[in-house]
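Below: structure.cif (mmCIF, C-alpha atoms and all ligand atoms)
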```cif
data_entry
#
loop_
_atom_site.label_atom_id
_atom_site.label_comp_id
_atom_site.auth_asym_id
_atom_site.auth_seq_id
_atom_site.Cartn_x
_atom_site.Cartn_y
_atom_site.Cartn_z
CA MET A 1 11.07 5.58 33.52
CA LYS A 2 13.44 7.89 31.70
CA ILE A 3 12.37 8.87 28.19
CA GLY A 4 14.26 10.81 25.54
CA VAL A 5 12.77 13.21 23.02
CA LEU A 6 14.81 13.62 19.85
CA ALA A 7 15.43 17.36 19.96
CA LEU A 8 16.91 18.07 16.52
CA GLN A 9 13.86 19.78 15.01
CA GLY A 10 10.09 19.75 15.38
CA ASP A 11 7.66 19.81 18.31
CA PHE A 12 9.74 17.96 20.89
CA ILE A 13 8.86 20.49 23.65
CA GLU A 14 5.18 19.52 23.39
CA HIS A 15 6.10 15.84 23.86
CA GLN A 16 8.32 16.75 26.79
CA GLN A 17 5.51 18.69 28.47
CA MET A 18 3.07 15.82 27.94
CA LEU A 19 5.51 13.30 29.42
CA GLU A 20 6.35 15.50 32.41
CA GLY A 21 2.62 15.90 32.95
CA ILE A 22 2.34 12.15 33.54
CA GLY A 23 5.36 12.13 35.83
CA VAL A 24 8.00 10.86 33.40
CA GLN A 25 11.58 12.11 33.48
CA VAL A 26 12.60 13.52 30.07
CA ILE A 27 16.01 13.96 28.43
CA GLN A 28 16.47 15.99 25.23
CA VAL A 29 18.52 13.89 22.80
CA ARG A 30 20.91 15.65 20.41
CA LEU A 31 23.98 13.45 20.61
CA PRO A 32 24.54 9.67 20.69
CA ALA A 33 25.69 9.84 24.35
CA HIS A 34 22.27 11.20 25.34
CA LEU A 35 20.71 7.83 24.45
CA GLN A 36 22.42 6.05 27.32
CA LYS A 37 20.19 4.93 30.19
CA LEU A 38 16.93 5.79 28.41
CA ASP A 39 13.99 3.37 28.49
CA GLY A 40 12.45 4.81 25.34
CA LEU A 41 12.57 7.64 22.84
CA ILE A 42 10.02 9.84 21.08
CA ILE A 43 10.77 11.25 17.63
CA PRO A 44 8.54 14.29 17.17
CA GLY A 45 6.67 15.76 14.25
CA GLY A 46 8.40 18.36 12.14
CA GLU A 47 10.06 17.88 8.78
CA SER A 48 11.36 14.37 8.22
CA THR A 49 13.94 15.49 5.64
CA THR A 50 15.40 17.95 8.16
CA ILE A 51 15.33 15.48 11.06
CA GLY A 52 17.04 12.89 8.82
CA LYS A 53 19.69 15.30 7.60
CA LEU A 54 20.50 16.49 11.13
CA ALA A 55 20.60 12.89 12.40
CA VAL A 56 23.22 12.16 9.73
CA ASP A 57 25.19 15.32 10.59
CA PHE A 58 25.17 14.50 14.33
CA ASP A 59 26.17 10.83 13.74
CA LEU A 60 22.90 9.67 15.26
CA LEU A 61 21.61 7.39 12.51
CA GLU A 62 23.37 4.18 13.55
CA PRO A 63 23.02 4.80 17.34
CA LEU A 64 19.28 5.39 16.84
CA ARG A 65 18.96 2.17 14.82
CA GLN A 66 20.77 0.26 17.54
CA PHE A 67 18.57 1.86 20.20
CA GLY A 68 15.41 0.87 18.34
CA ARG A 69 16.50 -2.76 18.03
CA GLU A 70 16.54 -3.05 21.82
CA ARG A 71 14.34 -0.33 23.26
CA GLY A 72 11.13 1.49 22.41
CA ILE A 73 10.72 4.33 19.94
CA TRP A 74 7.53 6.23 19.12
CA GLY A 75 7.48 8.45 16.05
CA THR A 76 4.72 11.02 15.49
CA CYS A 77 4.14 12.27 11.95
CA ALA A 78 7.65 13.15 10.64
CA GLY A 79 8.92 10.76 13.34
CA ALA A 80 6.73 7.98 11.94
CA ILE A 81 8.18 8.63 8.47
CA PHE A 82 11.70 8.45 9.91
CA LEU A 83 10.95 5.08 11.60
CA SER A 84 9.61 3.45 8.46
CA LYS A 85 11.24 1.06 6.05
CA ASP A 86 10.19 2.65 2.80
CA ILE A 87 8.67 5.98 1.74
CA HIS A 88 8.97 5.67 -2.06
CA ARG A 89 11.80 8.21 -2.22
CA GLN A 90 15.36 8.77 -1.05
CA GLN A 91 15.99 10.45 2.29
CA PRO A 92 17.66 9.25 5.50
CA LEU A 93 15.42 6.77 7.36
CA LEU A 94 15.92 4.52 10.38
CA GLN A 95 14.08 1.70 8.58
CA LEU A 96 13.23 0.05 11.90
CA MET A 97 9.51 -0.59 11.28
CA ASP A 98 8.05 -2.83 8.61
CA ILE A 99 5.70 -0.18 7.34
CA THR A 100 5.49 1.70 4.05
CA VAL A 101 4.58 5.37 4.31
CA SER A 102 3.51 8.14 1.91
CA ARG A 103 4.55 11.64 2.93
CA ASN A 104 2.16 14.59 2.67
CA ALA A 105 -0.61 12.16 1.73
CA PHE A 106 -3.40 14.65 2.39
CA GLY A 107 -1.93 17.54 0.43
CA ARG A 108 -0.48 20.79 1.65
CA GLN A 109 -0.35 22.53 5.04
CA VAL A 110 -3.82 24.05 4.49
CA ASP A 111 -5.22 20.53 4.15
CA SER A 112 -4.47 19.80 7.81
CA PHE A 113 -7.47 18.56 9.81
CA GLU A 114 -8.75 16.95 12.99
CA ILE A 115 -10.87 13.84 13.29
CA THR A 116 -11.89 11.44 16.05
CA LEU A 117 -10.51 7.94 15.83
CA ASN A 118 -11.45 4.66 17.44
CA VAL A 119 -8.37 3.12 19.00
CA PRO A 120 -9.23 -0.20 20.67
CA ALA A 121 -5.60 -0.62 21.80
CA LEU A 122 -6.12 2.25 24.26
CA ALA A 123 -7.90 -0.32 26.42
CA ARG A 124 -4.36 -0.86 27.69
CA VAL A 125 -4.65 2.50 29.48
CA GLY A 126 -8.24 1.93 30.48
CA ASP A 127 -10.11 4.32 28.18
CA THR A 128 -11.19 3.56 24.61
CA SER A 129 -13.36 6.64 24.13
CA PRO A 130 -12.80 8.34 20.73
CA PHE A 131 -9.38 9.97 20.33
CA ARG A 132 -9.28 13.45 18.78
CA ALA A 133 -6.40 13.23 16.30
CA VAL A 134 -4.63 16.23 14.78
CA PHE A 135 -3.19 15.75 11.26
CA ILE A 136 -0.72 18.38 10.02
CA ARG A 137 0.57 17.79 6.50
CA ALA A 138 0.49 14.23 7.63
CA PRO A 139 1.71 10.98 6.12
CA LEU A 140 -0.39 7.87 5.58
CA ILE A 141 0.81 4.38 6.37
CA ASP A 142 0.22 2.61 3.04
CA ALA A 143 0.79 -0.85 4.39
CA VAL A 144 2.06 -2.74 7.41
CA GLN A 145 4.17 -5.77 6.63
CA GLU A 146 4.47 -8.95 8.65
CA GLY A 147 5.48 -8.23 12.22
CA ALA A 148 3.69 -4.90 12.42
CA GLU A 149 0.03 -4.39 13.39
CA VAL A 150 -2.51 -1.67 12.68
CA ILE A 151 -3.47 0.42 15.75
CA ALA A 152 -5.76 3.01 14.14
CA SER A 153 -7.37 3.73 10.77
CA LEU A 154 -9.43 6.54 9.27
CA PRO A 155 -13.10 5.88 8.48
CA ASN A 156 -12.01 5.17 4.86
CA GLY A 157 -9.75 2.38 6.09
CA ARG A 158 -6.41 4.14 5.53
CA ILE A 159 -3.90 3.34 8.27
CA VAL A 160 -2.73 6.13 10.59
CA ALA A 161 -1.11 4.24 13.50
CA ALA A 162 0.88 1.03 13.71
CA ARG A 163 2.89 -0.89 16.24
CA GLN A 164 5.71 -3.40 16.00
CA GLY A 165 6.96 -4.73 19.34
CA LYS A 166 8.25 -1.69 21.22
CA LEU A 167 7.99 0.55 18.15
CA LEU A 168 4.99 2.81 17.57
CA ALA A 169 4.16 5.08 14.63
CA THR A 170 1.32 7.61 14.48
CA SER A 171 0.55 9.89 11.50
CA PHE A 172 -1.07 12.36 13.87
CA HIS A 173 0.06 14.43 16.87
CA PRO A 174 -1.23 13.32 20.32
CA GLU A 175 1.24 15.79 21.88
CA LEU A 176 -0.84 18.70 20.51
CA THR A 177 -4.03 17.69 22.30
CA GLY A 178 -4.75 17.64 26.01
CA ASP A 179 -5.21 13.88 25.78
CA ASP A 180 -2.29 11.95 27.28
CA ARG A 181 -3.58 8.44 26.50
CA PHE A 182 -1.10 7.73 23.69
CA HIS A 183 1.79 8.86 25.89
CA ARG A 184 0.56 6.55 28.66
CA PHE A 185 0.06 3.79 26.07
CA PHE A 186 3.69 4.16 24.95
CA MET A 187 4.82 3.90 28.59
CA GLU A 188 2.82 0.68 28.92
CA MET A 189 4.45 -0.68 25.74
CA LEU A 190 7.87 -0.22 27.33
CA LYS A 191 7.05 -2.27 30.42
N1 LIG A 201 5.14 16.81 6.11
C1 LIG A 201 6.15 16.45 7.06
C2 LIG A 201 7.15 15.47 6.46
O1 LIG A 201 6.94 14.97 5.41
C3 LIG A 201 5.55 15.85 8.32
C4 LIG A 201 4.64 16.86 8.97
C5 LIG A 201 4.55 16.73 10.47
O2 LIG A 201 5.40 16.12 11.13
N2 LIG A 201 3.55 17.36 11.02
O3 LIG A 201 8.15 15.19 7.04
#
```
Is it possible to express this structure as structure tokens?
Amino acid sequence: MKIGVLALQGDFIEHQQMLEGIGVQVIQVRLPAHLQKLDGLIIPGGESTTIGKLAVDFDLLEPLRQFGRERGIWGTCAGAIFLSKDIHRQQPLLQLMDITVSRNAFGRQVDSFEITLNVPALARVGDTSPFRAVFIRAPLIDAVQEGAEVIASLPNGRIVAARQGKLLATSFHPELTGDDRFHRFFMEMLK
């Protein structure tokens, strides 16, 4: 497997380290040509407005959309925002996933938090023990439309992870924990 990490802005190095830790070859993607021969792509957390603006400047928007129609993409936090169809405001989006997202849904940076989540889908990688999820000025997934499914919710029922075919969106940051189950789960999704 060869996986790209979109390396325009945000915590792509942490994703790269996590992937290399599970034996996956990683390519940093900054130009459309870097997408060739990849099996999947991770769009990291960071600032979705900045990632979107840079994707426009580097002529990546359409190549990324094309990539996501055929191959897998996982977006964490800002990456999840960038994957979504609608965020109730104007900024560049890939609009690949049928999910509606609210940015900064928990408030400001100081309102960041950690919580353990139940993620039954992690049965796919053989371990459904609680997942410690890190939320940093995170978005919420308001709704998943037809075609997309909920993967994880907070205790209050709000959605924080969704999947649609080979596309995965998480509001939180598995790359910032020592737990590689979501990275292994994404690899399984691509098979
Ligand atoms: N608040 C950021 C945004 O709206 C996302 C934060 C993150 O990726 N940790 O794009």
Select, counting all atoms listed in the file, all protein, DNA and RNA residues no farther than 10 Å from (6.2, -1.7, 26.8) in file coordinates, and express the selection as a CSV table (one decimal) with C-alpha atoms, in the coordinates of the input.
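Here's the written file part.csv:
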```csv
chain,number,residue,atom,x,y,z
A,39,ASP,CA,14.0,3.4,28.5
A,40,GLY,CA,12.4,4.8,25.3
A,71,ARG,CA,14.3,-0.3,23.3
A,72,GLY,CA,11.1,1.5,22.4
A,165,GLY,CA,7.0,-4.7,19.3
A,166,LYS,CA,8.2,-1.7,21.2
A,167,LEU,CA,8.0,0.6,18.2
A,185,PHE,CA,0.1,3.8,26.1
A,186,PHE,CA,3.7,4.2,25.0
A,187,MET,CA,4.8,3.9,28.6
A,188,GLU,CA,2.8,0.7,28.9
A,189,MET,CA,4.4,-0.7,25.7
A,190,LEU,CA,7.9,-0.2,27.3
A,191,LYS,CA,7.0,-2.3,30.4
```
How close does each residue of chain A get to ligand LIG 201 (chain A), giving the shortest atom pair and distance in Å to one decimal for every residue with an atom at most 6 Å away, counting all atoms listed in the file, sorted by chain and residue number, as CSV?
```
residue,atom,partner,partner_atom,distance
A:Gly45,CA,A:LIG201,O2,3.4
A:Gly46,CA,A:LIG201,O2,3.9
A:Glu47,CA,A:LIG201,O3,3.7
A:Ser48,CA,A:LIG201,O3,3.5
A:Thr49,CA,A:LIG201,O3,6.0
A:Cys77,CA,A:LIG201,O2,4.1
A:Ala78,CA,A:LIG201,O2,3.8
A:Arg103,CA,A:LIG201,O1,4.8
A:Asn104,CA,A:LIG201,N1,5.1
A:Ile136,CA,A:LIG201,N2,4.5
A:Arg137,CA,A:LIG201,N1,4.7
A:Ala138,CA,A:LIG201,C4,5.1
```
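Nearest residue to Gly68 (chain A), choosing from A:Gln95, A:Thr50, A:Gln90, A:Thr177 and counting only C-alpha atoms: A:Gln95.
Pairwise distance (CA of Met97 (chain A), CA of Asn156 (chain A)) equals 23.2 Å.
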Worksheet item: Can you find the residues with an atom no farther than 9 Å from (8.7, 10.2, 19.0), counting all atoms listed in the file, and report them as a VMD selection string?
Response: chain A and resid 4 to 6 12 15 41 to 45 73 to 80 168 to 169
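Proximity ranking of A:Leu35, A:Ile27, A:Ile13, A:Leu94 relative to Gly52 (chain A) places A:Leu94 first, based on all atoms listed in the file.
Look at region 114-117 of chain A: the protein and nucleic acid residues within 12 Å of it, using all atoms listed in the file and passing over chain neighbours fewer than 6 places away, are A:Thr128, A:Ser129, A:Pro130, A:Phe131, A:Arg132, A:Ala133, A:Val134, A:Phe135, A:Ile136, A:Arg137, A:Ala138, A:Ile151, A:Ala152, A:Ser153, A:Leu154, A:Pro155, A:Asn156, A:Gly157, A:Arg158, A:Ile159, A:Val160, A:Ala161, A:Thr170, A:Ser171, A:Phe172, A:His173, A:Pro174, A:Leu176, A:Thr177.
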Practice prompt. Using all atoms listed in the file, pick whichever of A:Ala123, A:Leu31, A:Ile22, A:Val101 has the shortest atom-to-atom distance to Leu140 (chain A).
Written response: A:Val101
Please give the centre and size of the box around region 145-150 of chain A (axis-aligned, containing every atom listed in the file, 5 Å added per side), with values in Å to one decimal and written as JSON.
```
{"center_x": 1.5, "center_y": -5.3, "center_z": 10.0, "size_x": 18.0, "size_y": 17.3, "size_z": 16.8}
```
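Computed from the coordinates, the CA of Val29 (chain A) to CA of Leu83 (chain A) distance equals 16.1 Å.
Here CA of Ile3 (chain A) is placed at a distance of 26.9 Å from CA of Ile87 (chain A).
Counting only C-alpha atoms, the residue from A:Leu93, A:Val119, A:Gln9, A:Ser84 that sits nearest to Ala148 (chain A) is A:Ser84.
The nearest approach to Asp179 (chain A) among the residues A:Gly23, A:Phe82, A:Gln66, A:Asp127, with all atoms listed in the file taken into account, belongs to A:Asp127.
The shortest atom-to-atom distance to Ala7 (chain A), with all atoms listed in the file taken into account, belongs to A:Val26 out of A:Gly21, A:Ala105, A:Asn118, A:Val26.
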